[in-house]
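Q: File follows, final_3.pdb with PDB, C-alpha atoms:
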```
ATOM      1  CA  MET A1437      67.583 163.941   8.795
ATOM      2  CA  THR A1438      66.106 160.552   7.948
ATOM      3  CA  ALA A1439      68.322 157.523   8.168
ATOM      4  CA  ASP A1440      67.310 155.252   5.281
ATOM      5  CA  PRO A1441      68.465 151.628   5.254
ATOM      6  CA  ILE A1442      71.982 151.390   3.916
ATOM      7  CA  ASN A1443      72.113 150.384   0.278
ATOM      8  CA  PRO A1444      75.624 149.078  -0.578
ATOM      9  CA  GLY A1445      75.247 150.432  -4.100
ATOM     10  CA  ASN A1446      75.073 153.980  -2.740
ATOM     11  CA  PHE A1447      78.697 153.751  -1.630
ATOM     12  CA  ALA A1448      79.492 154.265  -5.316
ATOM     13  CA  TYR A1449      78.686 157.952  -4.757
ATOM     14  CA  ALA A1450      81.983 158.066  -2.836
ATOM     15  CA  ALA A1451      83.606 158.052  -6.271
ATOM     16  CA  LEU A1452      82.348 161.633  -6.754
ATOM     17  CA  ALA A1453      84.056 162.755  -3.571
ATOM     18  CA  PHE A1454      87.127 160.798  -4.650
ATOM     19  CA  VAL A1455      87.240 162.573  -8.010
ATOM     20  CA  VAL A1456      87.019 166.026  -6.390
ATOM     21  CA  GLY A1457      89.859 165.210  -3.961
ATOM     22  CA  ALA A1458      91.982 163.524  -6.608
ATOM     23  CA  ALA A1459      91.480 166.444  -8.995
ATOM     24  CA  SER A1460      92.703 168.836  -6.300
ATOM     25  CA  GLY A1461      95.694 166.576  -5.730
ATOM     26  CA  PHE A1462      96.455 166.441  -9.441
ATOM     27  CA  GLN A1463      96.193 170.229  -9.648
ATOM     28  CA  GLY A1464      99.021 170.368  -7.100
ATOM     29  CA  VAL A1465     101.086 167.969  -9.212
ATOM     30  CA  HIS A1466     100.404 169.940 -12.393
ATOM     31  CA  GLU A1467     101.321 173.201 -10.699
ATOM     32  CA  LYS A1468     104.795 171.840 -10.068
ATOM     33  CA  TYR A1469     105.408 169.514 -13.008
ATOM     34  CA  LYS A1470     103.470 171.305 -15.778
ATOM     35  CA  HIS A1471     103.770 169.120 -18.910
ATOM     36  CA  GLY A1472     105.562 166.383 -16.983
ATOM     37  CA  SER A1473     102.676 165.921 -14.580
ATOM     38  CA  LEU A1474     101.379 162.765 -16.282
ATOM     39  CA  ARG A1475     104.867 161.252 -16.127
ATOM     40  CA  ALA A1476     105.002 162.104 -12.408
ATOM     41  CA  LEU A1477     101.566 160.530 -11.971
ATOM     42  CA  GLY A1478     102.944 157.376 -13.603
ATOM     43  CA  THR A1479     105.340 156.820 -10.704
ATOM     44  CA  LEU A1480     104.179 154.998  -7.579
ATOM     45  CA  PRO A1481     104.623 158.006  -5.224
ATOM     46  CA  GLY A1482     102.854 160.321  -7.673
ATOM     47  CA  PHE A1483      99.963 157.905  -8.098
ATOM     48  CA  LEU A1484      99.699 157.275  -4.351
ATOM     49  CA  TYR A1485      99.642 161.012  -3.666
ATOM     50  CA  VAL A1486      96.737 161.698  -6.012
ATOM     51  CA  ALA A1487      94.896 158.523  -4.964
ATOM     52  CA  SER A1488      95.267 159.318  -1.272
ATOM     53  CA  ARG A1489      94.032 162.875  -1.798
ATOM     54  CA  GLY A1490      90.923 161.361  -3.388
ATOM     55  CA  ALA A1491      90.594 158.583  -0.831
ATOM     56  CA  VAL A1492      90.208 160.970   2.117
ATOM     57  CA  PRO A1493      86.966 162.678   0.993
ATOM     58  CA  GLY A1494      85.773 159.338  -0.391
ATOM     59  CA  ALA A1495      86.269 157.722   3.010
ATOM     60  CA  VAL A1496      84.602 160.638   4.815
ATOM     61  CA  PHE A1497      81.564 160.325   2.566
ATOM     62  CA  ALA A1498      81.437 156.535   3.049
ATOM     63  CA  GLY A1499      81.787 156.960   6.825
ATOM     64  CA  MET A1500      78.985 159.511   6.955
ATOM     65  CA  TYR A1501      76.718 157.298   4.872
ATOM     66  CA  ALA A1502      77.531 154.160   6.846
ATOM     67  CA  GLY A1503      76.953 156.058  10.099
ATOM     68  CA  GLY A1504      73.540 157.209   8.941
ATOM     69  CA  VAL A1505      74.526 160.890   9.009
ATOM     70  CA  ILE A1506      73.410 161.284   5.402
ATOM     71  CA  GLY A1507      70.811 159.349   3.478
ATOM     72  CA  GLN A1508      69.377 161.470   0.683
ATOM     73  CA  GLN A1509      70.744 163.628  -2.121
ATOM     74  CA  LEU A1510      73.855 161.515  -1.943
ATOM     75  CA  TRP A1511      75.455 162.915  -5.095
ATOM     76  CA  LEU A1512      75.224 166.376  -3.558
ATOM     77  CA  TRP A1513      76.705 165.168  -0.282
ATOM     78  CA  ALA A1514      79.515 163.466  -2.164
ATOM     79  CA  LEU A1515      80.394 166.679  -3.978
ATOM     80  CA  ALA A1516      80.071 168.636  -0.739
ATOM     81  CA  CYS A1517      82.427 166.202   1.015
ATOM     82  CA  GLY A1518      85.063 166.663  -1.655
ATOM     83  CA  ILE A1519      84.775 170.442  -1.829
ATOM     84  CA  THR A1520      84.429 171.041   1.914
ATOM     85  CA  LEU A1521      87.309 168.781   2.826
ATOM     86  CA  GLU A1522      89.496 170.440   0.221
ATOM     87  CA  SER A1523      88.572 173.845   1.657
ATOM     88  CA  VAL A1524      89.386 172.684   5.175
ATOM     89  CA  LEU A1525      92.703 171.200   4.040
ATOM     90  CA  ARG A1526      93.642 174.518   2.428
ATOM     91  CA  THR A1527      92.840 176.534   5.546
ATOM     92  CA  ARG A1528      95.622 178.527   7.160
ATOM     93  CA  PHE A1529      95.417 180.846  10.174
ATOM     94  CA  TYR A1530      97.313 184.031  10.746
ATOM     95  CA  LEU A1531      99.620 183.676  13.758
ATOM     96  CA  ARG A1532     101.916 186.654  13.930
ATOM     97  CA  GLN A1533     104.191 188.988  12.019
ATOM     98  CA  THR A1534     107.956 188.610  12.113
ATOM     99  CA  GLY A1535     110.649 191.032  11.018
ATOM    100  CA  GLY A1536     111.962 194.260  12.469
ATOM    101  CA  ASP A1537     115.502 195.664  12.669
ATOM    102  CA  GLY A1538     115.298 196.704   9.033
ATOM    103  CA  ALA A1539     114.098 193.289   7.838
ATOM    104  CA  PRO A1540     110.889 193.339   5.813
ATOM    105  CA  PRO A1541     107.828 192.255   7.812
ATOM    106  CA  GLU A1542     106.675 188.708   7.163
ATOM    107  CA  GLU A1543     103.333 187.242   8.116
ATOM    108  CA  VAL A1544     103.303 183.781   9.702
ATOM    109  CA  TRP A1545     100.400 181.530   8.726
ATOM    110  CA  ARG A1546      99.855 177.970   9.901
ATOM    111  CA  GLY A1547      97.185 175.355   9.252
ATOM    112  CA  LEU A1548      96.305 171.983   7.809
ATOM    113  CA  PHE A1549      97.595 173.226   4.480
ATOM    114  CA  ASP A1550     101.142 173.020   5.861
ATOM    115  CA  LEU A1551     100.572 169.329   6.502
ATOM    116  CA  VAL A1552      99.183 168.842   2.989
ATOM    117  CA  ARG A1553     102.145 170.754   1.529
ATOM    118  CA  TRP A1554     104.587 168.593   3.509
ATOM    119  CA  TYR A1555     102.889 165.423   2.272
ATOM    120  CA  GLN A1556     102.833 166.751  -1.284
ATOM    121  CA  ASN A1557     106.537 167.602  -1.151
ATOM    122  CA  LEU A1558     107.347 164.171   0.261
ATOM    123  CA  CYS A1559     105.473 162.372  -2.528
ATOM    124  CA  LEU A1560     106.566 164.621  -5.373
ATOM    125  CA  GLU A1561     110.237 164.600  -4.367
ATOM    126  CA  SER A1562     110.049 160.828  -4.321
ATOM    127  CA  ALA A1563     108.329 160.804  -7.731
ATOM    128  CA  ALA A1564     111.021 163.102  -9.166
ATOM    129  CA  ALA A1565     113.786 160.871  -7.817
ATOM    130  CA  GLN A1566     112.129 157.852  -9.447
ATOM    131  CA  LEU A1567     111.897 159.662 -12.789
ATOM    132  CA  ALA A1568     115.580 160.624 -12.557
ATOM    133  CA  ASP A1569     116.498 157.056 -11.693
ATOM    134  CA  ARG A1570     114.454 155.889 -14.684
ATOM    135  CA  ARG A1571     116.440 158.199 -17.002
ATOM    136  CA  LYS A1572     119.695 156.964 -15.488
ATOM    137  CA  ARG A1573     118.677 153.327 -16.009
ATOM    138  CA  PHE A1574     117.611 154.087 -19.577
ATOM    139  CA  VAL A1575     121.057 155.529 -20.330
ATOM    140  CA  THR A1576     122.870 152.659 -18.590
ATOM    141  CA  ALA A1577     120.841 150.086 -20.519
ATOM    142  CA  LEU A1578     121.428 151.914 -23.808
ATOM    143  CA  LEU A1579     125.182 152.190 -23.360
ATOM    144  CA  GLY A1580     125.955 148.815 -21.805
ATOM    145  CA  ALA A1581     128.505 148.065 -19.115
ATOM    146  CA  THR A1582     131.695 149.214 -20.854
ATOM    147  CA  PRO A1583     130.925 152.012 -23.293
ATOM    148  CA  ASP A1584     133.631 153.482 -25.538
ATOM    149  CA  PHE A1585     133.231 157.264 -25.623
ATOM    150  CA  PRO A1586     135.168 158.024 -28.855
ATOM    151  CA  ALA A1587     133.245 155.298 -30.733
ATOM    152  CA  LEU A1588     129.931 156.497 -29.305
ATOM    153  CA  LEU A1589     130.759 160.077 -30.222
ATOM    154  CA  GLN A1590     131.574 159.057 -33.787
ATOM    155  CA  LYS A1591     128.309 157.128 -34.029
ATOM    156  CA  ALA A1592     126.366 160.139 -32.733
ATOM    157  CA  ARG A1593     128.067 162.440 -35.233
ATOM    158  CA  ASN A1594     127.392 160.103 -38.141
ATOM    159  CA  ASN A1595     123.735 159.758 -37.221
ATOM    160  CA  LEU A1596     123.402 163.462 -36.534
ATOM    161  CA  LEU A1597     124.269 164.244 -40.167
ATOM    162  CA  SER A1598     120.944 162.820 -41.258
ATOM    163  CA  TRP A1599     118.943 164.505 -38.488
ATOM    164  CA  PRO A1600     116.263 166.676 -40.130
ATOM    165  CA  ASP A1601     116.395 169.663 -37.753
ATOM    166  CA  GLN A1602     119.386 171.930 -38.495
ATOM    167  CA  ASN A1603     119.102 173.722 -35.135
ATOM    168  CA  VAL A1604     119.318 170.431 -33.259
ATOM    169  CA  GLN A1605     122.313 169.465 -35.393
ATOM    170  CA  ALA A1606     124.119 172.712 -34.562
ATOM    171  CA  ASP A1607     123.260 172.572 -30.859
ATOM    172  CA  LEU A1608     124.314 168.945 -30.426
ATOM    173  CA  SER A1609     127.453 169.423 -32.525
ATOM    174  CA  ALA A1610     128.588 172.224 -30.225
ATOM    175  CA  LYS A1611     127.801 170.266 -27.072
ATOM    176  CA  THR A1612     129.480 167.076 -28.285
ATOM    177  CA  ALA A1613     132.577 169.038 -29.331
ATOM    178  CA  LYS A1614     132.763 170.489 -25.816
ATOM    179  CA  LEU A1615     132.449 167.020 -24.293
ATOM    180  CA  GLU A1616     135.152 165.711 -26.606
ATOM    181  CA  GLY A1617     137.493 168.528 -25.561
ATOM    182  CA  GLU A1618     136.913 167.818 -21.873
ATOM    183  CA  PHE A1619     137.391 164.076 -22.432
ATOM    184  CA  ASN A1620     140.690 164.623 -24.260
ATOM    185  CA  GLY A1621     141.773 166.979 -21.497
ATOM    186  CA  GLU A1622     141.205 164.348 -18.818
ATOM    187  CA  LEU A1623     142.491 161.365 -20.803
ATOM    188  CA  PRO A1624     146.220 161.850 -20.026
ATOM    189  CA  GLN A1625     145.432 161.743 -16.293
ATOM    190  CA  ALA A1626     143.740 158.341 -16.639
ATOM    191  CA  ALA A1627     146.850 156.204 -16.287
ATOM    192  CA  THR A1628     145.322 152.788 -15.647
ATOM    193  CA  ALA A1629     142.888 150.743 -17.704
ATOM    194  CA  ILE A1630     140.332 151.045 -14.916
ATOM    195  CA  ALA A1631     140.632 154.834 -14.859
ATOM    196  CA  GLN A1632     140.299 154.951 -18.651
ATOM    197  CA  GLN A1633     137.175 152.816 -18.545
ATOM    198  CA  GLU A1634     135.721 155.016 -15.807
ATOM    199  CA  LEU A1635     136.425 158.065 -17.958
ATOM    200  CA  ASN A1636     134.844 156.420 -21.009
ATOM    201  CA  THR A1637     131.778 155.424 -19.033
ATOM    202  CA  ARG A1638     131.370 158.861 -17.431
ATOM    203  CA  TYR A1639     131.636 160.750 -20.707
ATOM    204  CA  SER A1640     129.436 158.272 -22.553
ATOM    205  CA  HIS A1641     126.762 158.853 -19.932
ATOM    206  CA  LYS A1642     127.150 162.614 -20.281
ATOM    207  CA  LEU A1643     126.841 162.359 -24.052
ATOM    208  CA  ALA A1644     123.714 160.243 -23.698
ATOM    209  CA  PHE A1645     122.203 162.728 -21.248
ATOM    210  CA  VAL A1646     122.915 165.615 -23.640
ATOM    211  CA  VAL A1647     121.109 163.758 -26.426
ATOM    212  CA  LEU A1648     118.310 162.621 -24.094
ATOM    213  CA  ASP A1649     117.711 166.192 -22.960
ATOM    214  CA  ALA A1650     117.561 167.442 -26.550
ATOM    215  CA  LEU A1651     115.712 164.615 -28.299
ATOM    216  CA  GLY A1652     114.025 162.422 -25.691
ATOM    217  CA  GLU A1653     114.299 158.645 -25.399
ATOM    218  CA  LYS A1654     113.354 157.876 -28.983
ATOM    219  CA  GLY A1655     115.844 160.341 -30.429
ATOM    220  CA  CYS A1656     118.501 159.118 -28.030
ATOM    221  CA  ARG A1657     118.027 155.540 -29.247
ATOM    222  CA  THR A1658     118.132 156.700 -32.866
ATOM    223  CA  LEU A1659     121.322 158.677 -32.439
ATOM    224  CA  LEU A1660     123.283 156.372 -30.144
ATOM    225  CA  SER A1661     122.189 152.855 -31.102
TER
ATOM    226  CA  MET B1452     134.190 169.594  -1.707
ATOM    227  CA  SER B1453     136.324 172.608  -0.971
ATOM    228  CA  THR B1454     134.329 175.585  -2.259
ATOM    229  CA  VAL B1455     131.827 177.023   0.172
ATOM    230  CA  LEU B1456     129.062 179.082  -1.394
ATOM    231  CA  THR B1457     127.254 181.105   1.199
ATOM    232  CA  GLU B1458     124.737 182.672  -1.201
ATOM    233  CA  PRO B1459     124.287 179.958  -3.827
ATOM    234  CA  ARG B1460     121.330 181.422  -5.651
ATOM    235  CA  GLU B1461     123.140 184.684  -6.269
ATOM    236  CA  THR B1462     125.937 182.924  -8.163
ATOM    237  CA  PRO B1463     125.150 182.636 -11.893
ATOM    238  CA  ASP B1464     126.457 179.046 -12.117
ATOM    239  CA  VAL B1465     124.266 178.032  -9.214
ATOM    240  CA  GLN B1466     121.275 179.677 -10.810
ATOM    241  CA  ILE B1467     121.892 177.659 -13.999
ATOM    242  CA  VAL B1468     122.034 174.406 -12.017
ATOM    243  CA  PHE B1469     118.963 175.479 -10.085
ATOM    244  CA  ASP B1470     117.068 176.187 -13.307
ATOM    245  CA  ALA B1471     117.964 172.746 -14.674
ATOM    246  CA  LEU B1472     116.765 171.141 -11.451
ATOM    247  CA  ARG B1473     113.568 173.179 -11.530
ATOM    248  CA  LYS B1474     112.820 171.709 -14.946
ATOM    249  CA  TYR B1475     113.342 168.064 -13.963
ATOM    250  CA  LYS B1476     112.940 168.276 -10.119
ATOM    251  CA  ALA B1477     115.539 165.506  -9.797
ATOM    252  CA  MET B1478     118.465 164.598 -12.029
ATOM    253  CA  PRO B1479     121.447 162.268 -12.072
ATOM    254  CA  LEU B1480     124.519 164.336 -11.238
ATOM    255  CA  LEU B1481     126.071 163.567 -14.617
ATOM    256  CA  GLU B1482     122.910 164.750 -16.334
ATOM    257  CA  ILE B1483     123.235 168.110 -14.577
ATOM    258  CA  ALA B1484     126.829 168.360 -15.784
ATOM    259  CA  ALA B1485     125.776 167.370 -19.290
ATOM    260  CA  VAL B1486     122.899 169.817 -19.704
ATOM    261  CA  THR B1487     124.568 172.771 -17.972
ATOM    262  CA  GLY B1488     127.958 172.267 -19.634
ATOM    263  CA  PHE B1489     129.769 172.537 -16.297
ATOM    264  CA  SER B1490     132.478 170.110 -15.257
ATOM    265  CA  ASP B1491     131.553 167.278 -12.899
ATOM    266  CA  LYS B1492     133.691 168.914 -10.207
ATOM    267  CA  ARG B1493     131.934 172.262 -10.521
ATOM    268  CA  VAL B1494     128.519 170.639 -10.423
ATOM    269  CA  ARG B1495     129.551 168.689  -7.336
ATOM    270  CA  GLU B1496     130.668 171.910  -5.631
ATOM    271  CA  ILE B1497     127.378 173.623  -6.401
ATOM    272  CA  VAL B1498     125.299 170.614  -5.390
ATOM    273  CA  ASP B1499     127.221 170.258  -2.133
ATOM    274  CA  ALA B1500     126.585 173.929  -1.357
ATOM    275  CA  LEU B1501     122.883 173.550  -2.124
ATOM    276  CA  ALA B1502     122.745 170.384  -0.020
ATOM    277  CA  ARG B1503     124.224 172.271   2.930
ATOM    278  CA  GLU B1504     121.375 174.753   2.588
ATOM    279  CA  LYS B1505     118.928 171.824   2.405
ATOM    280  CA  LYS B1506     117.742 172.930  -1.032
ATOM    281  CA  VAL B1507     118.662 169.584  -2.582
ATOM    282  CA  LYS B1508     119.181 166.015  -1.428
ATOM    283  CA  VAL B1509     121.809 163.762  -2.964
ATOM    284  CA  ALA B1510     121.375 159.995  -3.187
ATOM    285  CA  ASN B1511     124.505 157.854  -3.683
ATOM    286  CA  PRO B1512     126.818 160.876  -3.367
ATOM    287  CA  ASP B1513     130.000 158.777  -3.454
ATOM    288  CA  ARG B1514     129.255 157.093  -6.789
ATOM    289  CA  ILE B1515     129.267 159.666  -9.555
ATOM    290  CA  LEU B1516     127.505 157.372 -12.038
ATOM    291  CA  ASP B1517     124.673 156.709  -9.592
ATOM    292  CA  ALA B1518     124.397 160.048  -7.770
ATOM    293  CA  ILE B1519     120.919 161.545  -8.056
ATOM    294  CA  VAL B1520     120.191 165.107  -6.987
ATOM    295  CA  THR B1521     116.622 165.875  -5.891
ATOM    296  CA  LEU B1522     115.371 169.425  -5.516
ATOM    297  CA  SER B1523     113.616 170.075  -2.226
ATOM    298  CA  GLY B1524     109.855 170.417  -2.685
ATOM    299  CA  LYS B1525     110.056 173.845  -1.027
ATOM    300  CA  CYS B1526     112.147 175.089  -3.962
ATOM    301  CA  TYR B1527     109.814 173.932  -6.775
TER
END
```
Let me see the structure of the file written as structure tokens.
A:
Amino acid sequence: MTADPINPGNFAYAALAFVVGAASGFQGVHEKYKHGSLRALGTLPGFLYVASRGAVPGAVFAGMYAGGVIGQQLWLWALACGITLESVLRTRFYLRQTGGDGAPPEEVWRGLFDLVRWYQNLCLESAAAQLADRRKRFVTALLGATPDFPALLQKARNNLLSWPDQNVQADLSAKTAKLEGEFNGELPQAATAIAQQELNTRYSHKLAFVVLDALGEKGCRTLLS
Amino acid sequence: MSTVLTEPRETPDVQIVFDALRKYKAMPLLEIAAVTGFSDKRVREIVDALAREKKVKVANPDRILDAIVTLSGKCY
């Protein structure tokens, strides 16, 4: 293979390898998050996961080019780097079969894919926790520091009357009635002002989460603001 | 919490919590209670049982307003 002089502009071909790796990484995110995959990608761990999956084949391509291993047909080499590395990362080897004593036999496979799966789980769990924390902060910001559950419930009910979707109205009416019943059941046990405020805050948050789950952030603001 | 669930996924309540967590992957504890309709105490029992089996992780477990339950990546 001929080693042509290194042209810095040719490192741009690494972007092709990057795209192949990143696309494989995103496929893993989409497999687990489905429609929420773009939201997961919007978190730092989600973004870092996909970017790092692209960076590995990109770096391998750049290293091979800088080392003079490749010099021609660079676009093809870039694609090959991405595809080959992804194939290698997905490789698993059969080790043994476990089971016996009536237990169903189970094949044991190990390989680089286990490492990728561990890294994926680490990043995606972290992304999920960030998304959950974001929802919690949204609710806290919407309700303020000392929410009043009965007042919030009344506001939600008033606003719900003008909600266009009858099914949503019925569903939320049933859920809010259940929350109200539970709140009234716990209220006599809240003897102090602090306990009452804690109860108000807890049930206000639950009400907001019910609405958030049904209508999303925009609907939640509409109903509870 | 007091209740010990040895086979959490075979209990219908646990399956409901599990399904909610599968949808969001991680949720504030109060959000789980809100969307499943279970009491906070029942959700805490289920989450504690799942945590013992390492199927979920709980951040800020002592503060109910801040507790966040994250489903283990192996259970996605």
Q: Should the cut-off be 8 Å, what would the residue list for chain B against chain A look like, counting all atoms listed in the file, as a list in words?
A: Lys1474, Tyr1475, Lys1476, Ala1477, Met1478, Pro1479, Leu1481, Glu1482, Ala1484, Ala1485, Val1486, Gly1488, Leu1516, Asp1517, Ile1519, Val1520, Thr1521, Leu1522, Ser1523, Gly1524, Lys1525 and Tyr1527 of chain B
Q: With C-alpha atoms kept, could you save the residues just selected as an mmCIF file, in the frame of the given file?
A:
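Output contents, as saved in out_28.cif:
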```cif
data_model
loop_
_atom_site.group_PDB
_atom_site.id
_atom_site.type_symbol
_atom_site.label_atom_id
_atom_site.label_comp_id
_atom_site.auth_asym_id
_atom_site.auth_seq_id
_atom_site.Cartn_x
_atom_site.Cartn_y
_atom_site.Cartn_z
ATOM 1 C CA LYS B 1474 112.820 171.709 -14.946
ATOM 2 C CA TYR B 1475 113.342 168.064 -13.963
ATOM 3 C CA LYS B 1476 112.940 168.276 -10.119
ATOM 4 C CA ALA B 1477 115.539 165.506 -9.797
ATOM 5 C CA MET B 1478 118.465 164.598 -12.029
ATOM 6 C CA PRO B 1479 121.447 162.268 -12.072
ATOM 7 C CA LEU B 1481 126.071 163.567 -14.617
ATOM 8 C CA GLU B 1482 122.910 164.750 -16.334
ATOM 9 C CA ALA B 1484 126.829 168.360 -15.784
ATOM 10 C CA ALA B 1485 125.776 167.370 -19.290
ATOM 11 C CA VAL B 1486 122.899 169.817 -19.704
ATOM 12 C CA GLY B 1488 127.958 172.267 -19.634
ATOM 13 C CA LEU B 1516 127.505 157.372 -12.038
ATOM 14 C CA ASP B 1517 124.673 156.709 -9.592
ATOM 15 C CA ILE B 1519 120.919 161.545 -8.056
ATOM 16 C CA VAL B 1520 120.191 165.107 -6.987
ATOM 17 C CA THR B 1521 116.622 165.875 -5.891
ATOM 18 C CA LEU B 1522 115.371 169.425 -5.516
ATOM 19 C CA SER B 1523 113.616 170.075 -2.226
ATOM 20 C CA GLY B 1524 109.855 170.417 -2.685
ATOM 21 C CA LYS B 1525 110.056 173.845 -1.027
ATOM 22 C CA TYR B 1527 109.814 173.932 -6.775
#
```
Q: Given the file above and the PyMOL selection byres ((chain B and resi 1464) around 12), which residues are selected, and can you give them as a PyMOL selection string?
A: chain B and resi 1456+1458-1463+1465-1471+1483-1484+1487-1490+1493-1498+1500-1501
Q: Using all atoms listed in the file, find the one residue out of A:Ala1487, A:Gly1655, A:Ala1626, A:Gly1478 that sits nearest to Asp1601 (chain A).
A: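 Nearest candidate to Asp1601 (chain A) out of A:Ala1487, A:Gly1655, A:Ala1626, A:Gly1478: A:Gly1655.
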Q: Expand the PyMOL selection byres ((chain A and resi 1547) around 9) into the individual residues it matches in the shown file, reporting them as an MDAnalysis selection string.
A: chainID A and resid 1525:1530 1545:1546 1548:1551
Q: With C-alpha atoms retained, export the selected residues as a short mmCIF file (atom, residue, chain, number, x, y, z; two decimals), keeping the file's coordinate frame.
A:
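Dumped to selection10.cif:
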```
data_model
loop_
_atom_site.label_atom_id
_atom_site.label_comp_id
_atom_site.auth_asym_id
_atom_site.auth_seq_id
_atom_site.Cartn_x
_atom_site.Cartn_y
_atom_site.Cartn_z
CA LEU A 1525 92.70 171.20 4.04
CA ARG A 1526 93.64 174.52 2.43
CA THR A 1527 92.84 176.53 5.55
CA ARG A 1528 95.62 178.53 7.16
CA PHE A 1529 95.42 180.85 10.17
CA TYR A 1530 97.31 184.03 10.75
CA TRP A 1545 100.40 181.53 8.73
CA ARG A 1546 99.86 177.97 9.90
CA LEU A 1548 96.30 171.98 7.81
CA PHE A 1549 97.60 173.23 4.48
CA ASP A 1550 101.14 173.02 5.86
CA LEU A 1551 100.57 169.33 6.50
#
```
Q: So, counting all atoms listed in the file, which residue among B:Ile1515, B:Cys1526, B:Arg1503, B:Val1509 is closest to Leu1635 (chain A)?
A: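 Ranked by minimum distance to Leu1635 (chain A), first place goes to B:Ile1515.
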